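J.: Below: one structure in structure tokens.
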Amino acid sequence: MIPTDYYIFLGTGLFIIGVIGVLTRRNVLIILMSIELILNAVNINLMAFSQYFKSVDGQVFAIFVITDAAAEAAVGLGLIIALFRNKETVNADEIDLLKW
Amino acid sequence: MLELITFIVLSAVTLVSAILVITRRNAVHSVIWLIVSLFSVGGIFLLQHAEFLFAVQIILYVGGIMVLFLFVVMLVDIDVALKQARFARQWPLALVTAILLLAILGFAFYNHSKGLGLPARPMIVAPAQNTQAVGMTLYQNYMLPVEIASLLLLVAMVGAVIMAKRKLE
């Protein structure tokens with residue numbers, strides 16, 4: 001069996017990469033993809049602890065996380081389409097409609 | 001031993017393709033690498049005998065969400081984005097923040113000298129019954145959350161349609 005620690009290390013690595021992507025990239029699409037990476041890191045951890053505690057509750061929660069990811073992707077991409085139609089850009093630092 | 005090697009290969013593929021996702025200039029390449037990353041995360045689920053979640057990961061993520069991403073990437077203009085800077089102005093600060101976060105997590109792991117002290121334990125659910133066990137738990141213990149999740153998906157669907165519409169009447 002693979003120790004639970006390894007899964008947690010993998011989840012941590014994936015989470016950090018996702019955080020770096022969210023904080024540094026300009027393209028909103030890639031920021032959304034980084035959020036998907038973060039959610040996958042969470043799923044790996046949920047899965048590892050589901051195995052550790054010998055219960056499928058963690059897997060059920062992972063299904064809820066995937067549901068959330070689907071909803072978030074749909075709404076986020078709708079927002080990006082609306083934004084591109086109005087501002088002709090997908091760069092996060094050029095979206096300043098709410099700044100004064 | 002074979003299991004460990006498989007795990008290491010899958011983790012390496014996951015992490016390397018995740019790094020490629022956040023560094024590629026072309027958004028289409030990022031989507032492709034994200035698909036690779038999600039596939040290997042699915043492989044890790046399979047390694048943990050979570051067959052149902054593996055199927056959900058492949059069908060929903062790779063088949064659904066990623067195709068949606070690819071559509072939107074095609075809709076927006078790639079040629080302009082190829083000539084622009086990839087990283088935002090605050091990238092050094094953001095990198096320092098992320099490395100600080102990694103250091104905090106690493107310190108937490110290091111404090112327990114033998115990792116987190118969690119020994120490997122075999123699964124109690126037999127692999128062949130994984131889908132059955134997940135379904136039973138989902139519809140017996142988590143009935144209300146399932147209903148809330150379905151409501152969330154309905155709201156997300158309506159919201160996405162309204163926001164992508166050309167003009168509100």
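To be explicit about the labels: the chains of the structure tokens are called A, B, and onward in the order shown, and within each one the residues are counted from 1, while ligands get numbers from 1 in the order they are shown.
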If we count only C-alpha atoms and set the cut-off at 12 Å, which residues sit around Ile35 in chain A, ignoring sequence neighbours fewer than 3 positions away in its own chain? Please answer as a count of residues only.
T.: 33
J.: Might you pull out every residue within 12 Å of Val80 in chain B, with only C-alpha atoms counted and same-chain residues fewer than 5 positions away left off, and present them as a VMD selection string?
T.: (chain A and resid 27 88 to 91) or (chain B and resid 25 to 27 85 to 86)
J.: Closest to chain B among A:Tyr7, A:Phe61, A:Met1, A:Asp96, using only C-alpha atoms?
T.: A:Met1
J.: Looking at only C-alpha atoms, which of B:Met136, B:Val72, B:Val28, B:Ala12 is the one that sits closest to Phe9 in chain A?
T.: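 Smallest separation from Phe9 in chain A among the options: B:Ala12.
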J.: So, counting only C-alpha atoms, which residue among A:Lys87, A:Val75, A:Asn43, A:Ile8 is closest to chain B?
T.: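 Of all the options, A:Val75 lies closest to chain B.
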J.: If I take CA of Ile59 in chain B and CA of Val13 in chain B, how far is one from the other in Å, to one decimal?
T.: 19.9 Å
J.: Can you pull out the residues contacting Tyr142 in chain B? Cut-off 12 Å, using only C-alpha atoms, and skip same-chain residues under 6 positions away; I want them as a PDB file with N, CA and C atoms, in the first residue's frame.
T.:
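Result file is out-v3.pdb:
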```pdb
ATOM      1  N   VAL A  56     -16.380   5.604   2.590  1.00  0.00           N
ATOM      2  CA  VAL A  56     -16.521   6.200   1.263  1.00  0.00           C
ATOM      3  C   VAL A  56     -17.029   7.637   1.350  1.00  0.00           C
ATOM      4  N   ASP A  57     -17.181   8.184   2.561  1.00  0.00           N
ATOM      5  CA  ASP A  57     -17.676   9.556   2.688  1.00  0.00           C
ATOM      6  C   ASP A  57     -16.794  10.548   1.938  1.00  0.00           C
ATOM      7  N   GLY A  58     -15.470  10.320   1.988  1.00  0.00           N
ATOM      8  CA  GLY A  58     -14.563  11.214   1.286  1.00  0.00           C
ATOM      9  C   GLY A  58     -14.812  11.208  -0.208  1.00  0.00           C
ATOM     10  N   GLN A  59     -15.107  10.036  -0.760  1.00  0.00           N
ATOM     11  CA  GLN A  59     -15.384   9.950  -2.198  1.00  0.00           C
ATOM     12  C   GLN A  59     -16.672  10.677  -2.535  1.00  0.00           C
ATOM     13  N   VAL A  60     -17.671  10.589  -1.635  1.00  0.00           N
ATOM     14  CA  VAL A  60     -18.925  11.307  -1.864  1.00  0.00           C
ATOM     15  C   VAL A  60     -18.657  12.810  -1.882  1.00  0.00           C
ATOM     16  N   PHE A  61     -17.807  13.271  -0.952  1.00  0.00           N
ATOM     17  CA  PHE A  61     -17.491  14.695  -0.939  1.00  0.00           C
ATOM     18  C   PHE A  61     -16.715  15.096  -2.182  1.00  0.00           C
ATOM     19  N   ILE A  63     -17.205  13.870  -5.068  1.00  0.00           N
ATOM     20  CA  ILE A  63     -18.225  14.038  -6.108  1.00  0.00           C
ATOM     21  C   ILE A  63     -18.863  15.419  -5.997  1.00  0.00           C
ATOM     22  N   PHE A  64     -19.107  15.871  -4.757  1.00  0.00           N
ATOM     23  CA  PHE A  64     -19.670  17.214  -4.587  1.00  0.00           C
ATOM     24  C   PHE A  64     -18.692  18.280  -5.074  1.00  0.00           C
TER      25      PHE A  64
ATOM     26  N   VAL B 134     -20.501   3.784  -2.882  1.00  0.00           N
ATOM     27  CA  VAL B 134     -20.632   5.230  -3.067  1.00  0.00           C
ATOM     28  C   VAL B 134     -22.092   5.594  -3.301  1.00  0.00           C
ATOM     29  N   GLY B 135     -22.782   4.809  -4.125  1.00  0.00           N
ATOM     30  CA  GLY B 135     -24.183   5.106  -4.411  1.00  0.00           C
ATOM     31  C   GLY B 135     -25.041   5.006  -3.158  1.00  0.00           C
ATOM     32  N   MET B 136     -24.805   3.982  -2.349  1.00  0.00           N
ATOM     33  CA  MET B 136     -25.571   3.811  -1.113  1.00  0.00           C
ATOM     34  C   MET B 136     -25.358   4.999  -0.184  1.00  0.00           C
ATOM     35  N   ILE B 148     -29.283  19.736  -2.825  1.00  0.00           N
ATOM     36  CA  ILE B 148     -28.720  21.089  -2.872  1.00  0.00           C
ATOM     37  C   ILE B 148     -27.776  21.215  -4.061  1.00  0.00           C
ATOM     38  N   ALA B 149     -26.992  20.145  -4.315  1.00  0.00           N
ATOM     39  CA  ALA B 149     -26.056  20.175  -5.442  1.00  0.00           C
ATOM     40  C   ALA B 149     -26.818  20.271  -6.761  1.00  0.00           C
TER      41      ALA B 149
END
```
